[in-house]
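Source file data31.tsv; content: TSV, N, CA and C atoms.
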```
chain	number	residue	atom	x	y	z
P	30	MET	N	70.69	57.74	-3.58
P	30	MET	CA	71.20	58.10	-2.27
P	30	MET	C	71.38	59.61	-2.15
P	31	GLY	N	71.94	60.23	-3.19
P	31	GLY	CA	72.16	61.67	-3.19
P	31	GLY	C	70.85	62.44	-3.12
P	32	LEU	N	69.80	61.90	-3.75
P	32	LEU	CA	68.50	62.55	-3.74
P	32	LEU	C	67.89	62.53	-2.34
P	33	ILE	N	68.03	61.40	-1.65
P	33	ILE	CA	67.53	61.30	-0.28
P	33	ILE	C	68.28	62.28	0.63
P	34	PHE	N	69.57	62.39	0.47
P	34	PHE	CA	70.38	63.33	1.25
P	34	PHE	C	69.92	64.76	0.98
P	35	ALA	N	69.70	65.09	-0.28
P	35	ALA	CA	69.25	66.44	-0.64
P	35	ALA	C	67.90	66.76	-0.01
P	36	PHE	N	66.96	65.80	-0.07
P	36	PHE	CA	65.66	66.02	0.57
P	36	PHE	C	65.81	66.19	2.08
P	37	GLY	N	66.71	65.43	2.69
P	37	GLY	CA	66.97	65.55	4.12
P	37	GLY	C	67.49	66.93	4.48
P	38	ILE	N	68.41	67.44	3.68
P	38	ILE	CA	68.96	68.78	3.92
P	38	ILE	C	67.88	69.84	3.75
P	39	ILE	N	67.06	69.69	2.72
P	39	ILE	CA	65.96	70.65	2.48
P	39	ILE	C	64.97	70.62	3.64
P	40	ALA	N	64.64	69.42	4.13
P	40	ALA	CA	63.72	69.31	5.26
P	40	ALA	C	64.31	69.94	6.51
P	41	LEU	N	65.59	69.73	6.75
P	41	LEU	CA	66.25	70.31	7.91
P	41	LEU	C	66.26	71.84	7.83
P	42	LEU	N	66.58	72.38	6.67
P	42	LEU	CA	66.57	73.83	6.49
P	42	LEU	C	65.16	74.39	6.64
P	43	GLY	N	64.16	73.65	6.18
P	43	GLY	CA	62.78	74.09	6.33
P	43	GLY	C	62.37	74.14	7.79
P	44	LEU	N	62.79	73.15	8.56
P	44	LEU	CA	62.49	73.12	9.99
P	44	LEU	C	63.18	74.28	10.70
P	45	MET	N	64.42	74.54	10.35
P	45	MET	CA	65.14	75.66	10.95
P	45	MET	C	64.44	76.98	10.63
P	46	ALA	N	63.99	77.13	9.39
P	46	ALA	CA	63.29	78.36	9.00
P	46	ALA	C	61.98	78.49	9.76
P	47	LEU	N	61.26	77.38	9.93
P	47	LEU	CA	60.00	77.42	10.66
P	47	LEU	C	60.21	77.89	12.10
P	48	VAL	N	61.21	77.34	12.75
P	48	VAL	CA	61.49	77.70	14.14
P	48	VAL	C	61.86	79.17	14.26
P	49	ARG	N	62.70	79.65	13.38
P	49	ARG	CA	63.19	81.04	13.48
P	49	ARG	C	62.19	82.06	12.96
P	50	LEU	N	61.36	81.70	11.99
P	50	LEU	CA	60.50	82.68	11.33
P	50	LEU	C	59.03	82.58	11.71
P	51	ALA	N	58.65	81.58	12.50
P	51	ALA	CA	57.24	81.46	12.90
P	51	ALA	C	56.82	82.72	13.64
P	52	PRO	N	55.66	83.26	13.30
P	52	PRO	CA	55.22	84.49	13.97
P	52	PRO	C	54.98	84.27	15.46
P	53	ILE	N	55.28	85.28	16.22
P	53	ILE	CA	55.06	85.25	17.67
P	53	ILE	C	53.90	86.18	17.97
P	54	GLU	N	52.89	85.65	18.64
P	54	GLU	CA	51.71	86.43	19.02
P	54	GLU	C	51.86	86.85	20.48
P	55	PRO	N	52.22	88.10	20.73
P	55	PRO	CA	52.43	88.53	22.12
P	55	PRO	C	51.23	88.26	23.02
P	56	ALA	N	50.02	88.39	22.51
P	56	ALA	CA	48.83	88.17	23.35
P	56	ALA	C	48.74	86.74	23.85
P	57	ARG	N	49.30	85.80	23.12
P	57	ARG	CA	49.27	84.40	23.53
P	57	ARG	C	50.26	84.11	24.66
P	58	TRP	N	51.38	84.83	24.68
P	58	TRP	CA	52.46	84.55	25.62
P	58	TRP	C	52.53	85.53	26.78
P	59	HIS	N	52.01	86.73	26.61
P	59	HIS	CA	52.07	87.75	27.65
P	59	HIS	C	50.83	87.64	28.55
P	60	VAL	N	50.81	86.57	29.34
P	60	VAL	CA	49.67	86.27	30.21
P	60	VAL	C	50.17	86.11	31.64
P	61	SER	N	49.24	86.27	32.59
P	61	SER	CA	49.60	86.13	34.01
P	61	SER	C	50.15	84.74	34.30
P	62	PRO	N	51.28	84.67	34.99
P	62	PRO	CA	51.84	83.37	35.36
P	62	PRO	C	50.96	82.67	36.40
P	63	ASP	N	50.72	81.40	36.18
P	63	ASP	CA	50.04	80.56	37.17
P	63	ASP	C	51.13	79.82	37.93
P	64	VAL	N	51.51	80.34	39.09
P	64	VAL	CA	52.65	79.80	39.82
P	64	VAL	C	52.20	79.29	41.18
P	65	THR	N	52.56	78.05	41.45
P	65	THR	CA	52.35	77.47	42.77
P	65	THR	C	53.70	76.92	43.22
P	66	GLY	N	53.76	76.51	44.45
P	66	GLY	CA	55.01	75.93	44.93
P	66	GLY	C	55.66	76.82	45.97
P	67	ALA	N	56.83	76.40	46.38
P	67	ALA	CA	57.56	77.09	47.44
P	67	ALA	C	58.02	78.47	47.00
P	68	TRP	N	58.20	79.34	47.97
P	68	TRP	CA	58.73	80.67	47.69
P	68	TRP	C	60.24	80.59	47.46
P	69	ASP	N	60.72	81.44	46.58
P	69	ASP	CA	62.15	81.66	46.37
P	69	ASP	C	62.92	80.42	45.93
P	70	SER	N	62.24	79.51	45.26
P	70	SER	CA	62.93	78.37	44.67
P	70	SER	C	62.27	78.05	43.32
P	71	VAL	N	63.06	77.54	42.40
P	71	VAL	CA	62.59	77.24	41.06
P	71	VAL	C	61.89	75.89	41.07
P	72	LEU	N	60.68	75.87	40.56
P	72	LEU	CA	59.91	74.65	40.42
P	72	LEU	C	60.01	74.19	38.97
P	73	ARG	N	60.70	73.07	38.76
P	73	ARG	CA	60.86	72.53	37.40
P	73	ARG	C	59.60	71.79	37.00
P	74	GLU	N	59.28	71.88	35.72
P	74	GLU	CA	58.14	71.15	35.16
P	74	GLU	C	58.46	70.81	33.71
P	75	PRO	N	57.77	69.85	33.13
P	75	PRO	CA	58.05	69.53	31.72
P	75	PRO	C	57.84	70.76	30.84
P	76	GLY	N	58.87	71.11	30.10
P	76	GLY	CA	58.76	72.23	29.18
P	76	GLY	C	58.91	73.60	29.80
P	77	GLY	N	59.32	73.68	31.06
P	77	GLY	CA	59.46	75.00	31.64
P	77	GLY	C	59.79	74.98	33.12
P	78	ALA	N	59.56	76.13	33.75
P	78	ALA	CA	59.83	76.27	35.18
P	78	ALA	C	59.04	77.46	35.70
P	79	ARG	N	58.82	77.44	37.01
P	79	ARG	CA	58.08	78.52	37.68
P	79	ARG	C	58.85	78.96	38.91
P	80	LEU	N	58.62	80.22	39.29
P	80	LEU	CA	59.32	80.79	40.44
P	80	LEU	C	58.43	81.83	41.09
P	81	ARG	N	58.38	81.81	42.43
P	81	ARG	CA	57.71	82.86	43.20
P	81	ARG	C	58.76	83.50	44.08
P	82	LEU	N	58.93	84.79	43.94
P	82	LEU	CA	59.89	85.52	44.77
P	82	LEU	C	59.12	86.28	45.85
P	83	SER	N	59.46	86.02	47.08
P	83	SER	CA	58.78	86.66	48.20
P	83	SER	C	59.29	88.08	48.40
P	84	GLN	N	58.56	88.80	49.19
P	84	GLN	CA	58.95	90.18	49.48
P	84	GLN	C	60.23	90.25	50.29
P	85	SER	N	60.65	89.14	50.89
P	85	SER	CA	61.91	89.17	51.64
P	85	SER	C	63.09	89.41	50.70
P	86	LYS	N	62.91	89.13	49.41
P	86	LYS	CA	63.96	89.38	48.42
P	86	LYS	C	63.95	90.85	47.99
P	87	GLY	N	62.90	91.58	48.32
P	87	GLY	CA	62.77	92.98	47.93
P	87	GLY	C	61.34	93.27	47.55
P	88	ALA	N	61.03	94.54	47.37
P	88	ALA	CA	59.69	94.93	46.94
P	88	ALA	C	59.44	94.36	45.55
P	89	PRO	N	58.24	93.80	45.29
P	89	PRO	CA	57.97	93.17	44.00
P	89	PRO	C	58.26	94.08	42.81
P	90	GLY	N	57.91	95.36	42.91
P	90	GLY	CA	58.18	96.29	41.81
P	90	GLY	C	59.66	96.46	41.54
P	91	GLU	N	60.46	96.54	42.62
P	91	GLU	CA	61.91	96.64	42.47
P	91	GLU	C	62.48	95.36	41.88
P	92	LEU	N	61.95	94.21	42.31
P	92	LEU	CA	62.41	92.93	41.76
P	92	LEU	C	62.16	92.86	40.26
P	93	LEU	N	61.02	93.38	39.80
P	93	LEU	CA	60.74	93.38	38.37
P	93	LEU	C	61.72	94.27	37.61
P	94	VAL	N	62.08	95.41	38.18
P	94	VAL	CA	63.07	96.28	37.55
P	94	VAL	C	64.40	95.55	37.41
P	95	TRP	N	64.84	94.90	38.49
P	95	TRP	CA	66.11	94.16	38.45
P	95	TRP	C	66.05	92.99	37.48
P	96	LEU	N	64.92	92.27	37.51
P	96	LEU	CA	64.78	91.12	36.62
P	96	LEU	C	64.76	91.56	35.16
P	97	ASP	N	64.14	92.68	34.88
P	97	ASP	CA	64.13	93.20	33.51
P	97	ASP	C	65.55	93.52	33.05
P	98	ALA	N	66.34	94.13	33.93
P	98	ALA	CA	67.73	94.44	33.58
P	98	ALA	C	68.52	93.15	33.34
P	99	LEU	N	68.32	92.16	34.21
P	99	LEU	CA	69.01	90.87	34.03
P	99	LEU	C	68.60	90.21	32.71
P	100	ALA	N	67.31	90.22	32.43
P	100	ALA	CA	66.83	89.60	31.19
P	100	ALA	C	67.42	90.28	29.97
P	101	GLN	N	67.47	91.60	29.99
P	101	GLN	CA	67.99	92.35	28.84
P	101	GLN	C	69.48	92.06	28.62
P	102	GLU	N	70.19	91.67	29.70
P	102	GLU	CA	71.62	91.33	29.59
P	102	GLU	C	71.84	89.87	29.21
P	103	THR	N	70.80	89.06	29.27
P	103	THR	CA	70.91	87.64	28.95
P	103	THR	C	71.06	87.48	27.43
P	104	PRO	N	72.03	86.70	26.98
P	104	PRO	CA	72.22	86.53	25.54
P	104	PRO	C	70.95	86.04	24.84
P	105	ARG	N	70.70	86.58	23.66
P	105	ARG	CA	69.60	86.20	22.78
P	105	ARG	C	68.23	86.40	23.42
P	106	THR	N	68.13	87.37	24.33
P	106	THR	CA	66.87	87.65	25.03
P	106	THR	C	66.42	89.07	24.72
P	107	ALA	N	65.13	89.22	24.43
P	107	ALA	CA	64.56	90.54	24.15
P	107	ALA	C	63.17	90.63	24.78
P	108	ARG	N	62.78	91.82	25.13
P	108	ARG	CA	61.44	92.02	25.68
P	108	ARG	C	60.43	91.84	24.55
P	109	LEU	N	59.41	91.03	24.82
P	109	LEU	CA	58.35	90.79	23.85
P	109	LEU	C	57.18	91.73	24.08
P	110	ALA	N	56.80	91.89	25.35
P	110	ALA	CA	55.65	92.72	25.68
P	110	ALA	C	55.73	93.15	27.14
P	111	GLY	N	54.95	94.18	27.46
P	111	GLY	CA	54.85	94.63	28.84
P	111	GLY	C	55.89	95.64	29.24
P	112	SER	N	55.79	96.06	30.50
P	112	SER	CA	56.72	97.06	31.04
P	112	SER	C	56.68	96.99	32.56
P	113	VAL	N	57.65	97.66	33.16
P	113	VAL	CA	57.68	97.75	34.61
P	113	VAL	C	56.43	98.49	35.09
P	114	ALA	N	56.05	99.55	34.39
P	114	ALA	CA	54.87	100.33	34.77
P	114	ALA	C	53.60	99.48	34.72
P	115	GLU	N	53.51	98.57	33.76
P	115	GLU	CA	52.36	97.67	33.64
P	115	GLU	C	52.36	96.63	34.77
P	116	GLY	N	53.55	96.29	35.26
P	116	GLY	CA	53.67	95.30	36.31
P	116	GLY	C	53.81	93.88	35.78
P	117	ARG	N	53.94	93.74	34.48
P	117	ARG	CA	54.14	92.43	33.86
P	117	ARG	C	54.99	92.61	32.61
P	118	ILE	N	56.00	91.74	32.48
P	118	ILE	CA	56.89	91.77	31.32
P	118	ILE	C	57.06	90.34	30.82
P	119	THR	N	57.07	90.19	29.50
P	119	THR	CA	57.38	88.90	28.89
P	119	THR	C	58.58	89.08	27.98
P	120	TRP	N	59.56	88.17	28.15
P	120	TRP	CA	60.76	88.17	27.32
P	120	TRP	C	60.78	86.91	26.47
P	121	VAL	N	61.44	86.98	25.34
P	121	VAL	CA	61.67	85.79	24.52
P	121	VAL	C	63.17	85.56	24.47
P	122	THR	N	63.58	84.33	24.75
P	122	THR	CA	64.98	83.94	24.70
P	122	THR	C	65.10	82.83	23.66
P	123	ARG	N	66.03	82.99	22.73
P	123	ARG	CA	66.20	81.99	21.67
P	123	ARG	C	67.46	81.16	21.91
P	124	SER	N	67.37	79.87	21.60
P	124	SER	CA	68.53	79.00	21.71
P	124	SER	C	69.57	79.41	20.67
P	125	ALA	N	70.82	79.13	20.95
P	125	ALA	CA	71.92	79.60	20.10
P	125	ALA	C	71.91	78.95	18.71
P	126	LEU	N	71.80	77.66	18.63
P	126	LEU	CA	71.94	76.98	17.35
P	126	LEU	C	70.66	77.03	16.52
P	127	TRP	N	69.57	76.56	17.05
P	127	TRP	CA	68.34	76.44	16.29
P	127	TRP	C	67.47	77.68	16.37
P	128	GLY	N	67.60	78.45	17.41
P	128	GLY	CA	66.76	79.63	17.57
P	128	GLY	C	65.39	79.33	18.15
P	129	PHE	N	65.27	78.19	18.88
P	129	PHE	CA	63.99	77.87	19.52
P	129	PHE	C	63.63	78.97	20.50
P	130	PRO	N	62.40	79.50	20.44
P	130	PRO	CA	62.00	80.56	21.38
P	130	PRO	C	61.46	79.98	22.68
P	131	ASP	N	61.91	80.54	23.79
P	131	ASP	CA	61.35	80.27	25.11
P	131	ASP	C	60.80	81.59	25.63
P	132	PHE	N	59.67	81.54	26.30
P	132	PHE	CA	59.02	82.75	26.80
P	132	PHE	C	59.05	82.76	28.32
P	133	THR	N	59.41	83.90	28.89
P	133	THR	CA	59.44	84.07	30.34
P	133	THR	C	58.60	85.29	30.68
P	134	THR	N	57.62	85.09	31.55
P	134	THR	CA	56.75	86.18	31.98
P	134	THR	C	56.91	86.38	33.48
P	135	ALA	N	57.08	87.63	33.89
P	135	ALA	CA	57.16	87.99	35.30
P	135	ALA	C	56.07	89.00	35.60
P	136	GLU	N	55.40	88.81	36.73
P	136	GLU	CA	54.30	89.71	37.09
P	136	GLU	C	54.38	90.07	38.57
P	137	VAL	N	54.19	91.35	38.85
P	137	VAL	CA	54.16	91.86	40.22
P	137	VAL	C	52.76	91.61	40.78
P	138	ARG	N	52.73	91.02	41.99
P	138	ARG	CA	51.48	90.84	42.72
P	138	ARG	C	51.72	91.36	44.14
P	139	PRO	N	50.66	91.62	44.88
P	139	PRO	CA	50.84	92.20	46.22
P	139	PRO	C	51.77	91.38	47.13
P	140	ASP	N	51.79	90.07	46.94
P	140	ASP	CA	52.58	89.23	47.85
P	140	ASP	C	53.94	88.82	47.27
P	141	GLY	N	54.29	89.26	46.08
P	141	GLY	CA	55.60	88.91	45.53
P	141	GLY	C	55.64	89.01	44.02
P	142	LEU	N	56.71	88.49	43.46
P	142	LEU	CA	56.90	88.48	42.01
P	142	LEU	C	56.76	87.04	41.52
P	143	TYR	N	55.93	86.83	40.52
P	143	TYR	CA	55.66	85.51	39.97
P	143	TYR	C	56.27	85.42	38.58
P	144	VAL	N	56.99	84.33	38.33
P	144	VAL	CA	57.72	84.17	37.07
P	144	VAL	C	57.42	82.79	36.48
P	145	HIS	N	57.15	82.76	35.18
P	145	HIS	CA	56.88	81.49	34.49
P	145	HIS	C	57.67	81.49	33.19
P	146	ALA	N	58.53	80.48	33.03
P	146	ALA	CA	59.34	80.31	31.81
P	146	ALA	C	58.87	79.04	31.12
P	147	ARG	N	58.62	79.11	29.81
P	147	ARG	CA	58.13	77.94	29.09
P	147	ARG	C	58.57	77.96	27.65
P	148	LEU	N	58.55	76.78	27.05
P	148	LEU	CA	58.97	76.65	25.66
P	148	LEU	C	57.77	76.84	24.74
P	149	ARG	N	58.07	77.05	23.46
P	149	ARG	CA	57.01	77.17	22.47
P	149	ARG	C	56.85	75.88	21.67
P	150	PHE	N	57.95	75.30	21.27
P	150	PHE	CA	57.91	74.10	20.44
P	150	PHE	C	58.32	72.88	21.26
P	151	GLY	N	57.60	71.78	21.10
P	151	GLY	CA	57.96	70.55	21.77
P	151	GLY	C	57.32	70.40	23.13
P	152	ARG	N	57.80	69.39	23.87
P	152	ARG	CA	57.28	69.11	25.20
P	152	ARG	C	58.34	69.16	26.27
P	153	GLU	N	59.60	69.11	25.90
P	153	GLU	CA	60.69	69.06	26.88
P	153	GLU	C	61.75	70.09	26.50
P	154	ASP	N	62.20	70.84	27.48
P	154	ASP	CA	63.21	71.87	27.23
P	154	ASP	C	64.59	71.51	27.77
P	155	ILE	N	64.78	70.27	28.17
P	155	ILE	CA	66.02	69.74	28.77
P	155	ILE	C	66.57	70.64	29.88
P	156	GLY	N	65.67	71.32	30.57
P	156	GLY	CA	66.05	72.10	31.75
P	156	GLY	C	66.57	73.49	31.50
P	157	VAL	N	66.53	73.99	30.27
P	157	VAL	CA	67.11	75.31	30.01
P	157	VAL	C	66.31	76.44	30.66
P	158	ASN	N	64.99	76.33	30.71
P	158	ASN	CA	64.20	77.38	31.35
P	158	ASN	C	64.46	77.43	32.85
P	159	ALA	N	64.52	76.26	33.49
P	159	ALA	CA	64.82	76.23	34.92
P	159	ALA	C	66.22	76.77	35.19
P	160	ALA	N	67.16	76.40	34.35
P	160	ALA	CA	68.54	76.90	34.53
P	160	ALA	C	68.59	78.42	34.40
P	161	ARG	N	67.85	78.97	33.44
P	161	ARG	CA	67.83	80.43	33.27
P	161	ARG	C	67.24	81.09	34.51
P	162	LEU	N	66.13	80.56	35.02
P	162	LEU	CA	65.53	81.14	36.23
P	162	LEU	C	66.46	81.01	37.43
P	163	GLU	N	67.16	79.89	37.54
P	163	GLU	CA	68.11	79.72	38.65
P	163	GLU	C	69.26	80.72	38.53
P	164	ASP	N	69.74	80.97	37.31
P	164	ASP	CA	70.79	81.97	37.11
P	164	ASP	C	70.28	83.36	37.49
P	165	TRP	N	69.07	83.70	37.06
P	165	TRP	CA	68.52	85.01	37.40
P	165	TRP	C	68.31	85.14	38.92
P	166	LEU	N	67.82	84.08	39.55
P	166	LEU	CA	67.61	84.10	40.99
P	166	LEU	C	68.94	84.31	41.73
P	167	ALA	N	69.98	83.61	41.28
P	167	ALA	CA	71.30	83.77	41.91
P	167	ALA	C	71.82	85.19	41.74
P	168	ALA	N	71.56	85.79	40.59
P	168	ALA	CA	72.02	87.16	40.33
P	168	ALA	C	71.25	88.19	41.14
P	169	LEU	N	70.00	87.89	41.46
P	169	LEU	CA	69.22	88.83	42.28
P	169	LEU	C	69.74	88.84	43.69
```
Go through the file and emit its structure as structure tokens.
Amino acid sequence: MGLIFAFGIIALLGLMALVRLAPIEPARWHVSPDVTGAWDSVLREPGGARLRLSQSKGAPGELLVWLDALAQETPRTARLAGSVAEGRITWVTRSALWGFPDFTTAEVRPDGLYVHARLRFGREDIGVNAARLEDWLAAL
């Protein structure tokens, strides 16, 4: 019984290490968001969420500046790639306990700001990406 418990603990620690230490390839995650749906509302989907901000919320470039500041203030969130000057930024946000990475990309387009938040591991994020986008939208 003790041996099975020990193997279980080792497997759990190995999984935690995999999640926290797996390499992140910015080129894989720093891509243009494919966003459809209504303007200025969060569209939930399995494993993520999408958002299109119209120009009525502000100039797309200004929205990206504000969103970058909000993202940088969000706990456990760091910029992965991109810049305001580039017109596209990708952030990585990690969950508190396990450190699961979620990626959020925002891109300025002539008609608005497009944002896509998605998970890296698994198929379901239990709504955390949509909740983050809703919090950011409320703060804007």
Per-residue DSSP, region 55-162 of chain P, filtered to helix (DSSP H, G or I), as a VMD selection string: chain P and resid 55 to 58 84 to 86 89 to 102 157 to 162
Let's have the selection written as a PDB file, keeping the file's coordinate frame, with N, CA and C atoms.
```pdb
ATOM      1  N   PRO P  55      52.220  88.100  20.730  1.00  0.00           N
ATOM      2  CA  PRO P  55      52.430  88.530  22.120  1.00  0.00           C
ATOM      3  C   PRO P  55      51.230  88.260  23.020  1.00  0.00           C
ATOM      4  N   ALA P  56      50.020  88.390  22.510  1.00  0.00           N
ATOM      5  CA  ALA P  56      48.830  88.170  23.350  1.00  0.00           C
ATOM      6  C   ALA P  56      48.740  86.740  23.850  1.00  0.00           C
ATOM      7  N   ARG P  57      49.300  85.800  23.120  1.00  0.00           N
ATOM      8  CA  ARG P  57      49.270  84.400  23.530  1.00  0.00           C
ATOM      9  C   ARG P  57      50.260  84.110  24.660  1.00  0.00           C
ATOM     10  N   TRP P  58      51.380  84.830  24.680  1.00  0.00           N
ATOM     11  CA  TRP P  58      52.460  84.550  25.620  1.00  0.00           C
ATOM     12  C   TRP P  58      52.530  85.530  26.780  1.00  0.00           C
ATOM     13  N   GLN P  84      58.560  88.800  49.190  1.00  0.00           N
ATOM     14  CA  GLN P  84      58.950  90.180  49.480  1.00  0.00           C
ATOM     15  C   GLN P  84      60.230  90.250  50.290  1.00  0.00           C
ATOM     16  N   SER P  85      60.650  89.140  50.890  1.00  0.00           N
ATOM     17  CA  SER P  85      61.910  89.170  51.640  1.00  0.00           C
ATOM     18  C   SER P  85      63.090  89.410  50.700  1.00  0.00           C
ATOM     19  N   LYS P  86      62.910  89.130  49.410  1.00  0.00           N
ATOM     20  CA  LYS P  86      63.960  89.380  48.420  1.00  0.00           C
ATOM     21  C   LYS P  86      63.950  90.850  47.990  1.00  0.00           C
ATOM     22  N   PRO P  89      58.240  93.800  45.290  1.00  0.00           N
ATOM     23  CA  PRO P  89      57.970  93.170  44.000  1.00  0.00           C
ATOM     24  C   PRO P  89      58.260  94.080  42.810  1.00  0.00           C
ATOM     25  N   GLY P  90      57.910  95.360  42.910  1.00  0.00           N
ATOM     26  CA  GLY P  90      58.180  96.290  41.810  1.00  0.00           C
ATOM     27  C   GLY P  90      59.660  96.460  41.540  1.00  0.00           C
ATOM     28  N   GLU P  91      60.460  96.540  42.620  1.00  0.00           N
ATOM     29  CA  GLU P  91      61.910  96.640  42.470  1.00  0.00           C
ATOM     30  C   GLU P  91      62.480  95.360  41.880  1.00  0.00           C
ATOM     31  N   LEU P  92      61.950  94.210  42.310  1.00  0.00           N
ATOM     32  CA  LEU P  92      62.410  92.930  41.760  1.00  0.00           C
ATOM     33  C   LEU P  92      62.160  92.860  40.260  1.00  0.00           C
ATOM     34  N   LEU P  93      61.020  93.380  39.800  1.00  0.00           N
ATOM     35  CA  LEU P  93      60.740  93.380  38.370  1.00  0.00           C
ATOM     36  C   LEU P  93      61.720  94.270  37.610  1.00  0.00           C
ATOM     37  N   VAL P  94      62.080  95.410  38.180  1.00  0.00           N
ATOM     38  CA  VAL P  94      63.070  96.280  37.550  1.00  0.00           C
ATOM     39  C   VAL P  94      64.400  95.550  37.410  1.00  0.00           C
ATOM     40  N   TRP P  95      64.840  94.900  38.490  1.00  0.00           N
ATOM     41  CA  TRP P  95      66.110  94.160  38.450  1.00  0.00           C
ATOM     42  C   TRP P  95      66.050  92.990  37.480  1.00  0.00           C
ATOM     43  N   LEU P  96      64.920  92.270  37.510  1.00  0.00           N
ATOM     44  CA  LEU P  96      64.780  91.120  36.620  1.00  0.00           C
ATOM     45  C   LEU P  96      64.760  91.560  35.160  1.00  0.00           C
ATOM     46  N   ASP P  97      64.140  92.680  34.880  1.00  0.00           N
ATOM     47  CA  ASP P  97      64.130  93.200  33.510  1.00  0.00           C
ATOM     48  C   ASP P  97      65.550  93.520  33.050  1.00  0.00           C
ATOM     49  N   ALA P  98      66.340  94.130  33.930  1.00  0.00           N
ATOM     50  CA  ALA P  98      67.730  94.440  33.580  1.00  0.00           C
ATOM     51  C   ALA P  98      68.520  93.150  33.340  1.00  0.00           C
ATOM     52  N   LEU P  99      68.320  92.160  34.210  1.00  0.00           N
ATOM     53  CA  LEU P  99      69.010  90.870  34.030  1.00  0.00           C
ATOM     54  C   LEU P  99      68.600  90.210  32.710  1.00  0.00           C
ATOM     55  N   ALA P 100      67.310  90.220  32.430  1.00  0.00           N
ATOM     56  CA  ALA P 100      66.830  89.600  31.190  1.00  0.00           C
ATOM     57  C   ALA P 100      67.420  90.280  29.970  1.00  0.00           C
ATOM     58  N   GLN P 101      67.470  91.600  29.990  1.00  0.00           N
ATOM     59  CA  GLN P 101      67.990  92.350  28.840  1.00  0.00           C
ATOM     60  C   GLN P 101      69.480  92.060  28.620  1.00  0.00           C
ATOM     61  N   GLU P 102      70.190  91.670  29.700  1.00  0.00           N
ATOM     62  CA  GLU P 102      71.620  91.330  29.590  1.00  0.00           C
ATOM     63  C   GLU P 102      71.840  89.870  29.210  1.00  0.00           C
ATOM     64  N   VAL P 157      66.530  73.990  30.270  1.00  0.00           N
ATOM     65  CA  VAL P 157      67.110  75.310  30.010  1.00  0.00           C
ATOM     66  C   VAL P 157      66.310  76.440  30.660  1.00  0.00           C
ATOM     67  N   ASN P 158      64.990  76.330  30.710  1.00  0.00           N
ATOM     68  CA  ASN P 158      64.200  77.380  31.350  1.00  0.00           C
ATOM     69  C   ASN P 158      64.460  77.430  32.850  1.00  0.00           C
ATOM     70  N   ALA P 159      64.520  76.260  33.490  1.00  0.00           N
ATOM     71  CA  ALA P 159      64.820  76.230  34.920  1.00  0.00           C
ATOM     72  C   ALA P 159      66.220  76.770  35.190  1.00  0.00           C
ATOM     73  N   ALA P 160      67.160  76.400  34.350  1.00  0.00           N
ATOM     74  CA  ALA P 160      68.540  76.900  34.530  1.00  0.00           C
ATOM     75  C   ALA P 160      68.590  78.420  34.400  1.00  0.00           C
ATOM     76  N   ARG P 161      67.850  78.970  33.440  1.00  0.00           N
ATOM     77  CA  ARG P 161      67.830  80.430  33.270  1.00  0.00           C
ATOM     78  C   ARG P 161      67.240  81.090  34.510  1.00  0.00           C
ATOM     79  N   LEU P 162      66.130  80.560  35.020  1.00  0.00           N
ATOM     80  CA  LEU P 162      65.530  81.140  36.230  1.00  0.00           C
ATOM     81  C   LEU P 162      66.460  81.010  37.430  1.00  0.00           C
TER      82      LEU P 162
END
```
Hey, can you check how far atom N of Asn158 (chain P) sits from CA of Arg79 (chain P)? 10.1 Å
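CA of Arg138 (chain P) to CA of Arg57 (chain P) spans 20.4 Å [interatomic distance, one decimal].
Checking P:Pro139, P:Gly87, P:Gly156, P:Pro130 one by one against Leu169 (chain P), counting only C-alpha atoms, you find the shortest gap at P:Gly87.
Compared by their closest atoms to Val48 (chain P), and using only N, CA and C atoms, the residues P:Gly128, P:Ala78, P:Asp69, P:Thr133 rank with P:Gly128 nearest.
In terms of minimum interatomic distance to Ala88 (chain P), P:Val137 ranks closest within P:Arg152, P:Val137, P:Ala168, P:Tyr143, counting only C-alpha atoms.
Those residues that approach Leu92 (chain P) to within 10 Å, counting only C-alpha atoms, are Leu82, Ser83, Gln84, Lys86, Ala98, Val113, Ala135, Glu136, Val137, Gly141, Leu142 and Leu169 of chain P; same-chain residues fewer than 6 positions away are not listed.
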Now that the selection is made, can you save its residues with N, CA and C atoms as a compact mmCIF listing (two decimals), keeping the file's coordinate frame?
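See selection_25.txt below for the written result:
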```txt
# COMPACT_ATOMS: atom_id res chain seq x y z
N LEU P 82 58.93 84.79 43.94
CA LEU P 82 59.89 85.52 44.77
C LEU P 82 59.12 86.28 45.85
N SER P 83 59.46 86.02 47.08
CA SER P 83 58.78 86.66 48.20
C SER P 83 59.29 88.08 48.40
N GLN P 84 58.56 88.80 49.19
CA GLN P 84 58.95 90.18 49.48
C GLN P 84 60.23 90.25 50.29
N LYS P 86 62.91 89.13 49.41
CA LYS P 86 63.96 89.38 48.42
C LYS P 86 63.95 90.85 47.99
N ALA P 98 66.34 94.13 33.93
CA ALA P 98 67.73 94.44 33.58
C ALA P 98 68.52 93.15 33.34
N VAL P 113 57.65 97.66 33.16
CA VAL P 113 57.68 97.75 34.61
C VAL P 113 56.43 98.49 35.09
N ALA P 135 57.08 87.63 33.89
CA ALA P 135 57.16 87.99 35.30
C ALA P 135 56.07 89.00 35.60
N GLU P 136 55.40 88.81 36.73
CA GLU P 136 54.30 89.71 37.09
C GLU P 136 54.38 90.07 38.57
N VAL P 137 54.19 91.35 38.85
CA VAL P 137 54.16 91.86 40.22
C VAL P 137 52.76 91.61 40.78
N GLY P 141 54.29 89.26 46.08
CA GLY P 141 55.60 88.91 45.53
C GLY P 141 55.64 89.01 44.02
N LEU P 142 56.71 88.49 43.46
CA LEU P 142 56.90 88.48 42.01
C LEU P 142 56.76 87.04 41.52
N LEU P 169 70.00 87.89 41.46
CA LEU P 169 69.22 88.83 42.28
C LEU P 169 69.74 88.84 43.69
```
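The space between CA of Gly77 (chain P) and CA of Val64 (chain P) spans 11.7 Å.
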